[in-house]
$ cat final.cif   # mmCIF, C-alpha atoms and all ligand atoms
data_model
#
loop_
_atom_site.label_atom_id
_atom_site.label_comp_id
_atom_site.auth_asym_id
_atom_site.auth_seq_id
_atom_site.Cartn_x
_atom_site.Cartn_y
_atom_site.Cartn_z
CA MET N 843 -25.85 3.32 -4.28
CA ASP N 844 -28.62 1.31 -2.71
CA LYS N 845 -27.93 1.37 1.04
CA LYS N 846 -30.12 -1.65 1.79
CA LYS N 847 -28.14 -4.00 -0.41
CA LYS N 848 -24.96 -5.54 0.83
CA ASP N 849 -21.73 -5.59 -1.17
CA VAL N 850 -21.51 -9.18 -2.33
CA ARG N 851 -17.73 -9.04 -2.10
CA ALA N 852 -17.89 -8.60 1.66
CA LEU N 853 -18.93 -12.28 1.79
CA THR N 854 -16.41 -15.07 2.17
CA LYS N 855 -16.67 -18.04 -0.15
CA ASP N 856 -18.35 -20.10 2.56
CA GLN N 857 -20.88 -17.37 3.24
CA LEU N 858 -21.67 -17.19 -0.47
CA ARG N 859 -22.09 -20.97 -0.63
CA ASP N 860 -24.44 -20.83 2.40
CA PHE N 861 -26.43 -18.09 0.76
CA PHE N 862 -27.12 -20.26 -2.28
CA VAL N 863 -28.08 -23.23 -0.14
CA LYS N 864 -30.58 -21.03 1.74
CA GLN N 865 -31.98 -19.96 -1.60
CA GLY N 866 -32.61 -23.63 -2.42
CA ASP N 867 -29.76 -23.76 -4.93
CA LYS N 868 -26.51 -25.72 -4.87
CA ALA N 869 -23.54 -24.60 -2.76
CA PHE N 870 -21.44 -24.98 -5.90
CA ARG N 871 -23.20 -21.93 -7.37
CA GLY N 872 -21.41 -19.94 -4.67
CA ASN N 873 -18.06 -21.10 -6.02
CA GLN N 874 -19.00 -20.01 -9.52
CA VAL N 875 -20.07 -16.54 -8.40
CA TYR N 876 -16.99 -16.23 -6.19
CA GLU N 877 -14.78 -17.00 -9.15
CA TRP N 878 -16.52 -14.34 -11.22
CA LEU N 879 -16.07 -11.80 -8.47
CA TRP N 880 -12.42 -12.44 -7.67
CA GLN N 881 -10.64 -14.25 -10.47
CA LYS N 882 -12.55 -12.85 -13.38
CA GLY N 883 -13.06 -9.39 -11.88
CA ALA N 884 -16.74 -9.11 -12.87
CA HIS N 885 -18.12 -5.60 -12.49
CA SER N 886 -21.77 -6.64 -12.71
CA PHE N 887 -23.96 -9.70 -12.29
CA GLU N 888 -24.78 -9.49 -15.99
CA ASP N 889 -21.16 -10.39 -16.79
CA MET N 890 -21.61 -13.81 -15.16
CA THR N 891 -22.52 -15.62 -18.33
CA ASN N 892 -22.57 -19.19 -17.01
CA ILE N 893 -25.11 -18.25 -14.33
CA SER N 894 -28.78 -18.38 -15.31
CA LEU N 895 -30.63 -15.13 -15.92
CA GLU N 896 -33.00 -15.94 -13.08
CA THR N 897 -30.14 -16.40 -10.61
CA ARG N 898 -28.43 -13.22 -11.79
CA GLN N 899 -31.65 -11.29 -11.21
CA MET N 900 -31.99 -12.81 -7.76
CA LEU N 901 -28.42 -11.73 -6.95
CA GLN N 902 -29.21 -8.25 -8.22
CA GLU N 903 -32.14 -8.04 -5.79
CA HIS N 904 -29.94 -8.90 -2.80
CA PHE N 905 -26.54 -7.43 -3.53
CA VAL N 906 -24.49 -4.76 -5.20
CA ILE N 907 -20.93 -5.01 -6.53
CA ASN N 908 -19.14 -1.90 -5.32
CA HIS N 909 -16.39 -2.00 -7.85
CA ILE N 910 -13.91 0.85 -8.10
CA ARG N 911 -13.80 2.92 -11.29
CA VAL N 912 -10.62 4.34 -12.74
CA ASP N 913 -11.82 7.90 -13.34
CA GLN N 914 -8.67 9.21 -14.87
CA MET N 915 -5.42 7.66 -15.96
CA GLN N 916 -2.33 9.78 -16.49
CA ARG N 917 0.81 8.50 -18.17
CA SER N 918 4.21 9.99 -17.40
CA GLU N 919 6.96 10.35 -19.98
CA ASP N 920 8.93 7.71 -18.02
CA GLY N 921 6.15 5.12 -18.35
CA THR N 922 4.71 5.64 -14.85
CA ILE N 923 0.91 5.56 -14.76
CA LYS N 924 -1.25 7.22 -12.13
CA ASN N 925 -4.88 6.22 -11.63
CA ALA N 926 -7.44 8.41 -9.93
CA VAL N 927 -9.78 5.80 -8.53
CA ARG N 928 -13.41 6.60 -7.73
CA LEU N 929 -14.99 4.60 -4.91
CA HIS N 930 -18.69 3.72 -4.62
CA ASP N 931 -19.28 6.75 -2.37
CA ASP N 932 -17.54 9.07 -4.84
CA LEU N 933 -14.40 9.52 -2.77
CA ILE N 934 -11.15 9.36 -4.73
CA VAL N 935 -7.81 7.67 -4.03
CA GLU N 936 -4.76 7.30 -6.21
CA SER N 937 -2.60 4.37 -7.23
CA VAL N 938 0.51 4.24 -9.36
CA LEU N 939 2.19 1.78 -11.73
CA ILE N 940 5.98 2.06 -11.77
CA PRO N 941 7.77 0.16 -14.54
CA THR N 942 11.52 -0.52 -14.60
CA SER N 943 13.49 -2.79 -16.92
CA THR N 944 13.10 -5.74 -14.55
CA ARG N 945 9.84 -5.22 -12.68
CA THR N 946 6.48 -3.53 -12.66
CA THR N 947 5.39 -2.28 -9.27
CA ALA N 948 1.94 -1.21 -8.11
CA CYS N 949 1.87 1.45 -5.43
CA VAL N 950 -1.55 1.29 -3.78
CA SER N 951 -3.50 3.34 -1.24
CA SER N 952 -4.88 1.94 2.01
CA GLN N 953 -6.96 4.91 3.26
CA VAL N 954 -8.80 7.88 1.79
CA GLY N 955 -6.51 10.69 2.93
CA CYS N 956 -4.27 10.17 5.96
CA SER N 957 -4.55 10.89 9.68
CA LEU N 958 -0.79 11.33 10.11
CA ASP N 959 0.78 14.71 9.73
CA CYS N 960 4.18 14.28 8.11
CA LYS N 961 5.19 17.82 7.23
CA PHE N 962 6.82 16.87 3.93
CA CYS N 963 3.99 14.76 2.50
CA ALA N 964 1.22 16.07 0.26
CA THR N 965 -1.23 13.36 1.36
CA SER N 966 -1.06 14.62 4.96
CA ARG N 967 -2.94 17.70 3.81
CA LEU N 968 -5.99 15.62 2.94
CA LYS N 969 -8.24 14.77 5.83
CA ARG N 970 -8.55 11.07 6.53
CA MET N 971 -12.07 10.28 5.35
CA ARG N 972 -12.21 6.54 5.83
CA ASN N 973 -10.39 3.23 5.56
CA LEU N 974 -10.47 1.37 2.29
CA ASN N 975 -12.27 -1.98 2.23
CA PRO N 976 -10.30 -5.09 1.26
CA ASP N 977 -11.94 -5.23 -2.15
CA GLU N 978 -11.14 -1.57 -2.84
CA ILE N 979 -7.46 -2.31 -2.20
CA TYR N 980 -7.62 -5.48 -4.27
CA ASP N 981 -9.32 -3.68 -7.16
CA GLN N 982 -6.52 -1.10 -7.36
CA VAL N 983 -4.05 -3.95 -7.81
CA VAL N 984 -6.17 -5.61 -10.49
CA ALA N 985 -6.56 -2.32 -12.38
CA ILE N 986 -2.79 -1.82 -12.36
CA ASP N 987 -2.13 -5.42 -13.35
CA ASN N 988 -4.39 -4.91 -16.37
CA GLU N 989 -2.61 -1.69 -17.31
CA SER N 990 0.76 -3.38 -16.90
CA ARG N 991 -0.28 -6.11 -19.34
CA LEU N 992 -1.76 -3.59 -21.74
CA TYR N 993 0.96 -0.93 -21.78
CA HIS N 994 4.05 -2.87 -20.77
CA ASN N 995 3.23 -6.37 -22.05
CA ARG N 996 3.87 -8.07 -18.74
CA PRO N 997 1.97 -8.77 -15.53
CA LEU N 998 2.53 -6.88 -12.33
CA SER N 999 5.55 -8.19 -10.41
CA ASN N 1000 5.54 -6.27 -7.10
CA ILE N 1001 3.19 -4.36 -4.83
CA VAL N 1002 4.06 -1.64 -2.34
CA PHE N 1003 1.61 -0.16 0.16
CA MET N 1004 3.09 3.29 -0.28
CA GLY N 1005 0.13 5.19 -1.68
CA MET N 1006 -2.25 7.29 0.37
CA GLY N 1007 -2.80 6.44 4.03
CA GLU N 1008 -1.13 4.51 6.80
CA PRO N 1009 -1.60 0.77 6.13
CA LEU N 1010 -1.09 -0.23 9.76
CA MET N 1011 -3.99 1.98 10.78
CA ASN N 1012 -6.18 -0.10 8.49
CA TYR N 1013 -4.43 -3.33 9.29
CA ASN N 1014 -7.30 -5.84 9.12
CA ASN N 1015 -8.45 -4.72 5.70
CA VAL N 1016 -4.90 -4.55 4.34
CA LEU N 1017 -4.32 -8.08 5.56
CA LYS N 1018 -7.55 -9.33 3.97
CA ALA N 1019 -6.59 -7.67 0.69
CA ILE N 1020 -3.14 -9.28 0.81
CA ASP N 1021 -4.74 -12.66 1.52
CA LYS N 1022 -6.81 -12.25 -1.60
CA ILE N 1023 -3.91 -10.99 -3.70
CA THR N 1024 -1.75 -13.96 -2.70
CA SER N 1025 -4.45 -16.63 -2.81
CA ASP N 1026 -4.90 -18.87 -5.84
CA GLU N 1027 -8.49 -17.69 -5.92
CA GLY N 1028 -7.27 -14.14 -6.38
CA LEU N 1029 -4.06 -13.14 -8.16
CA GLY N 1030 -1.80 -15.88 -6.77
CA MET N 1031 1.08 -13.47 -6.17
CA SER N 1032 3.91 -14.32 -3.79
CA PRO N 1033 3.87 -12.37 -0.50
CA LYS N 1034 7.62 -11.95 -0.95
CA ARG N 1035 6.78 -9.47 -3.69
CA ILE N 1036 4.63 -7.34 -1.40
CA THR N 1037 5.92 -4.59 0.89
CA VAL N 1038 3.89 -2.78 3.52
CA SER N 1039 5.31 0.62 4.36
CA THR N 1040 4.58 2.25 7.70
CA SER N 1041 5.43 5.44 9.48
CA GLY N 1042 5.91 3.16 12.47
CA VAL N 1043 3.01 2.01 14.63
CA PRO N 1044 4.83 -0.17 17.21
CA LYS N 1045 1.81 -2.12 18.45
CA MET N 1046 0.87 -3.14 14.93
CA ILE N 1047 4.42 -4.06 13.95
CA LYS N 1048 4.47 -6.43 16.92
CA LYS N 1049 1.13 -7.88 15.90
CA MET N 1050 2.37 -8.49 12.36
CA ALA N 1051 5.44 -10.19 13.76
CA ASP N 1052 3.33 -12.41 16.02
CA GLU N 1053 1.17 -13.39 13.08
CA GLU N 1054 4.34 -14.24 11.17
CA VAL N 1055 3.23 -12.51 8.02
CA LYS N 1056 5.18 -13.36 4.90
CA PHE N 1057 5.32 -9.96 3.22
CA ASN N 1058 8.07 -7.36 3.67
CA LEU N 1059 8.18 -4.41 6.00
CA ALA N 1060 9.44 -0.92 5.21
CA VAL N 1061 9.63 1.85 7.79
CA SER N 1062 9.54 5.52 6.84
CA LEU N 1063 12.18 6.65 9.29
CA HIS N 1064 13.68 9.92 7.99
CA SER N 1065 15.43 10.52 11.31
CA ALA N 1066 16.68 8.39 14.20
CA ILE N 1067 16.76 11.34 16.59
CA ASP N 1068 13.46 11.84 18.45
CA GLU N 1069 13.61 15.62 18.46
CA VAL N 1070 14.22 15.84 14.72
CA ARG N 1071 11.72 13.12 13.85
CA THR N 1072 8.98 14.69 15.96
CA SER N 1073 9.53 18.04 14.24
CA ILE N 1074 8.90 16.53 10.79
CA MET N 1075 6.62 13.61 11.74
CA PRO N 1076 4.71 14.92 14.78
CA PHE N 1077 3.05 11.58 15.62
CA ASN N 1078 6.56 10.47 16.68
CA ALA N 1079 5.73 12.17 19.98
CA THR N 1080 3.11 9.44 20.54
CA PHE N 1081 5.18 6.59 19.07
CA PRO N 1082 8.76 7.49 19.99
CA LEU N 1083 11.81 5.82 18.47
CA LYS N 1084 12.44 3.66 21.53
CA ASP N 1085 9.07 1.95 21.08
CA LEU N 1086 9.55 1.71 17.34
CA ARG N 1087 12.95 0.13 17.75
CA GLU N 1088 11.62 -2.35 20.31
CA SER N 1089 8.84 -3.41 17.95
CA LEU N 1090 11.36 -3.87 15.14
CA GLU N 1091 13.55 -6.02 17.35
CA HIS N 1092 10.47 -8.15 17.96
CA TRP N 1093 9.76 -8.24 14.20
CA TYR N 1094 13.26 -9.43 13.43
CA ALA N 1095 13.30 -12.00 16.23
CA LYS N 1096 10.06 -13.52 14.94
CA THR N 1097 10.43 -13.24 11.16
CA LYS N 1098 14.19 -13.07 10.56
CA LYS N 1099 13.32 -10.72 7.72
CA ARG N 1100 15.46 -7.80 6.74
CA ILE N 1101 14.00 -4.37 7.47
CA THR N 1102 13.95 -1.60 4.89
CA TYR N 1103 14.09 2.02 6.00
CA GLU N 1104 12.89 4.83 3.79
CA TYR N 1105 14.84 7.95 4.34
CA VAL N 1106 14.97 11.38 2.70
CA VAL N 1107 17.97 13.60 3.45
CA TRP N 1108 17.01 17.27 3.73
CA ASP N 1109 19.24 20.28 3.83
CA GLY N 1110 19.66 21.58 7.39
CA ILE N 1111 17.29 18.97 8.87
CA ASN N 1112 19.03 15.60 8.96
CA ASP N 1113 22.26 16.05 7.00
CA THR N 1114 24.93 16.06 9.75
CA ASP N 1115 27.23 13.29 10.95
CA LYS N 1116 25.20 13.14 14.14
CA ASP N 1117 22.13 12.24 12.08
CA ILE N 1118 24.02 9.54 10.18
CA ASP N 1119 25.48 8.04 13.35
CA ALA N 1120 22.04 7.92 14.96
CA LEU N 1121 20.65 6.11 11.91
CA ILE N 1122 23.43 3.53 12.03
CA GLU N 1123 22.91 3.02 15.74
CA PHE N 1124 19.17 2.63 15.20
CA CYS N 1125 19.27 0.01 12.47
CA LYS N 1126 22.43 -2.00 12.95
CA PHE N 1127 20.79 -4.54 15.31
CA ALA N 1128 19.36 -6.48 12.33
CA PRO N 1129 20.06 -6.85 8.60
CA SER N 1130 18.83 -3.59 7.16
CA LYS N 1131 18.53 -1.72 3.93
CA VAL N 1132 18.33 2.04 3.83
CA ASN N 1133 16.52 3.38 0.82
CA LEU N 1134 17.57 6.97 0.30
CA ILE N 1135 14.59 8.53 -1.47
CA GLU N 1136 14.86 11.64 -3.55
CA TYR N 1137 12.74 14.44 -2.11
CA ASN N 1138 9.75 15.42 -4.21
CA PRO N 1139 8.96 19.04 -3.47
CA ILE N 1140 5.35 19.66 -2.49
CA ASP N 1141 4.96 23.33 -3.22
CA ASP N 1142 6.44 24.91 -0.11
CA GLY N 1143 9.99 25.88 0.65
CA ASP N 1144 10.49 24.36 4.13
CA PHE N 1145 12.15 21.23 2.80
CA GLN N 1146 15.03 21.10 0.35
CA GLN N 1147 16.79 17.99 -0.85
CA ALA N 1148 20.28 17.81 0.71
CA SER N 1149 23.41 18.21 -1.41
CA ASN N 1150 24.98 15.27 -3.23
CA GLU N 1151 27.91 15.52 -0.83
CA SER N 1152 25.63 14.95 2.16
CA ILE N 1153 24.02 11.99 0.47
CA ASP N 1154 27.42 10.54 -0.44
CA ARG N 1155 28.42 10.85 3.20
CA TYR N 1156 25.34 8.87 4.22
CA ILE N 1157 26.18 6.21 1.65
CA SER N 1158 29.80 5.76 2.62
CA LYS N 1159 29.17 5.72 6.37
CA LEU N 1160 26.28 3.27 6.07
CA GLU N 1161 28.28 0.98 3.80
CA ALA N 1162 31.25 1.11 6.14
CA ASN N 1163 28.86 -0.24 8.78
CA HIS N 1164 27.67 -3.05 6.50
CA ILE N 1165 24.24 -1.55 5.97
CA THR N 1166 22.89 -1.90 2.45
CA VAL N 1167 22.05 1.44 0.82
CA THR N 1168 20.09 2.14 -2.31
CA VAL N 1169 19.33 5.50 -3.79
CA ARG N 1170 15.85 5.65 -5.23
CA ARG N 1171 15.27 8.04 -8.03
CA SER N 1172 11.78 9.39 -8.27
CA ARG N 1173 9.42 8.33 -11.00
CA GLY N 1174 6.39 10.00 -12.47
CA LYS N 1175 7.14 13.45 -11.05
CA ASP N 1176 5.64 15.19 -14.10
CA ILE N 1177 2.22 13.78 -13.19
CA ASP N 1178 2.53 14.20 -9.38
CA ALA N 1179 2.78 10.43 -8.97
CA ALA N 1180 6.05 10.30 -7.01
CA CYS N 1181 6.39 9.45 -3.28
CA GLY N 1182 4.50 11.89 -1.12
CA GLN N 1183 2.88 13.69 -4.05
CA LEU N 1184 -0.45 11.86 -4.04
CA ALA N 1185 -3.04 14.49 -3.24
CA ASN N 1186 -5.85 14.12 -5.79
CA LYS N 1187 -4.57 17.03 -7.84
CA THR N 1188 -5.62 15.63 -11.22
N1 LIG N 1201 2.08 6.01 5.70
C1 LIG N 1201 2.98 5.03 5.14
C2 LIG N 1201 2.70 4.79 3.68
C3 LIG N 1201 3.01 5.99 2.78
S1 LIG N 1201 4.43 5.60 1.91
C4 LIG N 1201 4.41 5.43 5.40
O1 LIG N 1201 4.63 6.54 5.86
O2 LIG N 1201 5.31 4.63 5.18
C5 LIG N 1201 4.94 7.06 1.23
C6 LIG N 1201 6.45 7.17 1.35
O3 LIG N 1201 6.87 8.38 0.73
C7 LIG N 1201 6.89 7.26 2.79
O4 LIG N 1201 8.14 6.65 2.96
C8 LIG N 1201 7.01 8.76 2.99
O5 LIG N 1201 7.84 9.07 4.06
C9 LIG N 1201 7.59 9.18 1.65
N2 LIG N 1201 7.33 10.59 1.33
C10 LIG N 1201 6.30 11.35 1.74
N3 LIG N 1201 6.39 12.58 1.21
C11 LIG N 1201 7.51 12.59 0.42
C12 LIG N 1201 8.10 13.55 -0.41
N4 LIG N 1201 7.57 14.75 -0.55
N5 LIG N 1201 9.22 13.20 -1.08
C13 LIG N 1201 9.73 11.96 -0.98
N6 LIG N 1201 9.20 10.99 -0.20
C14 LIG N 1201 8.10 11.30 0.49
#
$ encode --input "final.cif" --output "structure tokens"
Amino acid sequence: MDKKKKDVRALTKDQLRDFFVKQGDKAFRGNQVYEWLWQKGAHSFEDMTNISLETRQMLQEHFVINHIRVDQMQRSEDGTIKNAVRLHDDLIVESVLIPTSTRTTACVSSQVGCSLDCKFCATSRLKRMRNLNPDEIYDQVVAIDNESRLYHNRPLSNIVFMGMGEPLMNYNNVLKAIDKITSDEGLGMSPKRITVSTSGVPKMIKKMADEEVKFNLAVSLHSAIDEVRTSIMPFNATFPLKDLRESLEHWYAKTKKRITYEYVVWDGINDTDKDIDALIEFCKFAPSKVNLIEYNPIDDGDFQQASNESIDRYISKLEANHITVTVRRSRGKDIDAACGQLANKT
């Protein structure tokens, strides 16, 4: 990579238009290049066939296009696809395509590695190297959209920020990527089909609420008892449940949007009635959905999925309290593409 040259995709459309005017060309040229970069997904200036050779060479002298490269694609027997994505500085992140009969979901990464330390998650064992840029997030979505069309004959329908990293610790770039994904100059997807999942950063949840974002929020809760949650998600000591709950009350007051909680039930960790009652108490203030996720073992024995009886108890108690429950079966386990398994093991 040439360090002196700027990534052309860091420029807004207006900045690109200004650039052309300063070069003595028409501002309109900026629109054309912008369209190549975002709608047509050009990987090089050479691809921009309606731009003169001279202009393309001039662009080449000033800029680079730091496009991601799908280094390796693995396909699971259940149709799930996992991409190992190489960034311009040779770091790798992973993204996943999850097809069902009604939808195709992209699960994308927001950081290289993760700074949180959830004991049950494989990604937590990778050091956080850096935040992803907006275009690196956007490119993962485009790559999956292309694969969805190619292998499943339909475009992508949903996006979840549930890959590597904590999206709310890279909030500005995640927001810019979502702007691009939802804009007509990008993929034109509805924000209602996008979910940002967080371990719970109260300050950022409040900020999102104040900005009245239109996408959905999911919180990886796993326990509504501070002591238990801190033992499995140690950063809970810094962001305790009281603060999390307060930020979610703010979110609901501002957005009136239902909150989804992701929750794994583990044997001997959070499988008692006390745990269930705490969960109900925590989430009943607003319309909520609890997504009971199947545990995907990550090669040590500390965590074991709870028995079906324990899970059934969760379901019946939650339903009795008018809280929606879904049980999410894992996908793509044979290629380490399931929740919490993303750890660049390809
Ligand atoms: N940092 C964000 C985004 C990651 S999402 C967040 O925590 O929400 C990844 C989801 O998978 C989270 O809900 C996480 O709690 C869950 N998860 C992590 N490890 C898992 C595992 N081994 N089995 C099942 N789910 C897991």
$ closest_residue --input "final.cif" --among "N:Glu1069, N:Asp1117, N:Glu1054, N:Glu1008" --to "ligand LIG 1201 (chain N)" --atoms "only C-alpha atoms and all ligand atoms"
N:Glu1008
$ atom_distance --input "final.cif" --atom1 "atom C7 of ligand LIG 1201 (chain N)" --atom2 "atom CA of Asn995 of chain N"
28.6 Å
$ residues_around --input "final.cif" --residues "Leu1063 of chain N" --least-positions-apart "6" --cutoff "8 Å" --atoms "all atoms listed in the file" --output "tab-separated table (two decimals) with C-alpha atoms, keeping the file's coordinate frame"
chain	number	residue	atom	x	y	z
N	1041	SER	CA	5.43	5.44	9.48
N	1042	GLY	CA	5.91	3.16	12.47
N	1071	ARG	CA	11.72	13.12	13.85
N	1103	TYR	CA	14.09	2.02	6.00
N	1104	GLU	CA	12.89	4.83	3.79
N	1105	TYR	CA	14.84	7.95	4.34
$ residues_around --input "final.cif" --residues "Thr942 of chain N" --least-positions-apart "5" --cutoff "12 Å" --atoms "only C-alpha atoms" --output "count of residues only"
15
$ atom_distance --input "final.cif" --atom1 "atom CA of His1064 of chain N" --atom2 "atom CA of Ile1023 of chain N"
29.7 Å
$ closest_residue --input "final.cif" --among "N:Val984, N:Met1004, N:Ile1153, N:Leu1083" --to "ligand LIG 1201 (chain N)" --atoms "only C-alpha atoms and all ligand atoms"
N:Met1004
$ closest_atom_pairs --input "final.cif" --of "chain N" --to "ligand LIG 1201 (chain N)" --cutoff "6 Å" --atoms "all atoms listed in the file" --output "CSV"
residue,atom,partner,partner_atom,distance
N:Phe962,CA,N:LIG1201,N4,5.0
N:Cys963,CA,N:LIG1201,N3,3.5
N:Met1004,CA,N:LIG1201,S1,3.5
N:Gly1005,CA,N:LIG1201,C3,5.4
N:Met1006,CA,N:LIG1201,C3,5.9
N:Gly1007,CA,N:LIG1201,N1,5.2
N:Glu1008,CA,N:LIG1201,N1,3.7
N:Ser1039,CA,N:LIG1201,O2,4.1
N:Thr1040,CA,N:LIG1201,O2,3.5
N:Ser1041,CA,N:LIG1201,O1,3.9
N:Val1061,CA,N:LIG1201,O2,5.8
N:Ser1062,CA,N:LIG1201,O4,4.3
N:Glu1104,CA,N:LIG1201,O4,5.2
N:Ile1135,CA,N:LIG1201,C13,6.0
N:Glu1136,CA,N:LIG1201,C13,5.7
N:Tyr1137,CA,N:LIG1201,N5,3.9
N:Asn1138,CA,N:LIG1201,N5,3.9
N:Pro1139,CA,N:LIG1201,N4,5.4
N:Ile1140,CA,N:LIG1201,N4,5.7
N:Cys1181,CA,N:LIG1201,O3,4.2
N:Gly1182,CA,N:LIG1201,N3,3.1
N:Gln1183,CA,N:LIG1201,N4,5.9
$ write_last_selection --input "final.cif" --atoms "C-alpha atoms" --output "CSV table (one decimal), in the coordinates of the input"
chain,number,residue,atom,x,y,z
N,962,PHE,CA,6.8,16.9,3.9
N,963,CYS,CA,4.0,14.8,2.5
N,1004,MET,CA,3.1,3.3,-0.3
N,1005,GLY,CA,0.1,5.2,-1.7
N,1006,MET,CA,-2.2,7.3,0.4
N,1007,GLY,CA,-2.8,6.4,4.0
N,1008,GLU,CA,-1.1,4.5,6.8
N,1039,SER,CA,5.3,0.6,4.4
N,1040,THR,CA,4.6,2.2,7.7
N,1041,SER,CA,5.4,5.4,9.5
N,1061,VAL,CA,9.6,1.8,7.8
N,1062,SER,CA,9.5,5.5,6.8
N,1104,GLU,CA,12.9,4.8,3.8
N,1135,ILE,CA,14.6,8.5,-1.5
N,1136,GLU,CA,14.9,11.6,-3.6
N,1137,TYR,CA,12.7,14.4,-2.1
N,1138,ASN,CA,9.8,15.4,-4.2
N,1139,PRO,CA,9.0,19.0,-3.5
N,1140,ILE,CA,5.4,19.7,-2.5
N,1181,CYS,CA,6.4,9.4,-3.3
N,1182,GLY,CA,4.5,11.9,-1.1
N,1183,GLN,CA,2.9,13.7,-4.0
$ closest_residue --input "final.cif" --among "N:Leu1086, N:Thr891, N:Leu1184, N:Thr1114" --to "Val950 of chain N" --atoms "only C-alpha atoms"
N:Leu1184
$ closest_residue --input "final.cif" --among "N:Pro1033, N:Gly872, N:Gly1028, N:Pro1044" --to "Arg859 of chain N" --atoms "only C-alpha atoms"
N:Gly872
$ atom_distance --input "final.cif" --atom1 "atom CA of Asp1115 of chain N" --atom2 "atom CA of Asp1144 of chain N"
21.2 Å
$ residues_around --input "final.cif" --residues "Phe1081 of chain N" --least-positions-apart "3" --cutoff "12 Å" --atoms "all atoms listed in the file" --output "list in words"
Leu958, Ser1041, Gly1042, Val1043, Pro1044, Lys1045, Met1046, Ile1047, Asp1068, Arg1071, Thr1072, Met1075, Pro1076, Phe1077, Asn1078, Lys1084, Asp1085, Leu1086, Arg1087, Glu1088 and Ser1089 of chain N
$ build_atoms --input "final.cif" --residues "segment 884-900 of chain N" --atoms "N, CA and C atoms" --output "compact mmCIF listing (two decimals), keeping the file's coordinate frame"
# COMPACT_ATOMS: atom_id res chain seq x y z
N ALA N 884 -15.46 -9.58 -12.32
CA ALA N 884 -16.74 -9.11 -12.87
C ALA N 884 -17.18 -7.81 -12.19
N HIS N 885 -17.65 -6.88 -13.03
CA HIS N 885 -18.12 -5.60 -12.49
C HIS N 885 -19.64 -5.60 -12.29
N SER N 886 -20.31 -6.57 -12.90
CA SER N 886 -21.77 -6.64 -12.71
C SER N 886 -22.22 -8.09 -12.77
N PHE N 887 -23.44 -8.33 -12.25
CA PHE N 887 -23.96 -9.70 -12.29
C PHE N 887 -24.22 -10.13 -13.73
N GLU N 888 -24.53 -9.16 -14.58
CA GLU N 888 -24.78 -9.49 -15.99
C GLU N 888 -23.58 -10.15 -16.66
N ASP N 889 -22.36 -9.80 -16.17
CA ASP N 889 -21.16 -10.39 -16.79
C ASP N 889 -21.06 -11.90 -16.56
N MET N 890 -21.82 -12.41 -15.58
CA MET N 890 -21.61 -13.81 -15.16
C MET N 890 -22.37 -14.76 -16.08
N THR N 891 -21.77 -15.00 -17.24
CA THR N 891 -22.52 -15.62 -18.33
C THR N 891 -22.87 -17.09 -18.12
N ASN N 892 -22.18 -17.79 -17.23
CA ASN N 892 -22.57 -19.19 -17.01
C ASN N 892 -23.56 -19.34 -15.84
N ILE N 893 -24.10 -18.23 -15.38
CA ILE N 893 -25.11 -18.25 -14.33
C ILE N 893 -26.46 -17.90 -14.99
N SER N 894 -27.51 -18.60 -14.62
CA SER N 894 -28.78 -18.38 -15.31
C SER N 894 -29.30 -16.96 -15.08
N LEU N 895 -30.08 -16.48 -16.01
CA LEU N 895 -30.63 -15.13 -15.92
C LEU N 895 -31.43 -14.96 -14.63
N GLU N 896 -32.18 -15.98 -14.29
CA GLU N 896 -33.00 -15.94 -13.08
C GLU N 896 -32.13 -15.75 -11.82
N THR N 897 -31.04 -16.50 -11.77
CA THR N 897 -30.14 -16.40 -10.61
C THR N 897 -29.47 -15.03 -10.58
N ARG N 898 -29.08 -14.55 -11.75
CA ARG N 898 -28.43 -13.22 -11.79
C ARG N 898 -29.39 -12.14 -11.28
N GLN N 899 -30.66 -12.28 -11.68
CA GLN N 899 -31.65 -11.29 -11.21
C GLN N 899 -31.85 -11.38 -9.70
N MET N 900 -31.84 -12.61 -9.20
CA MET N 900 -31.99 -12.81 -7.76
C MET N 900 -30.80 -12.16 -7.02
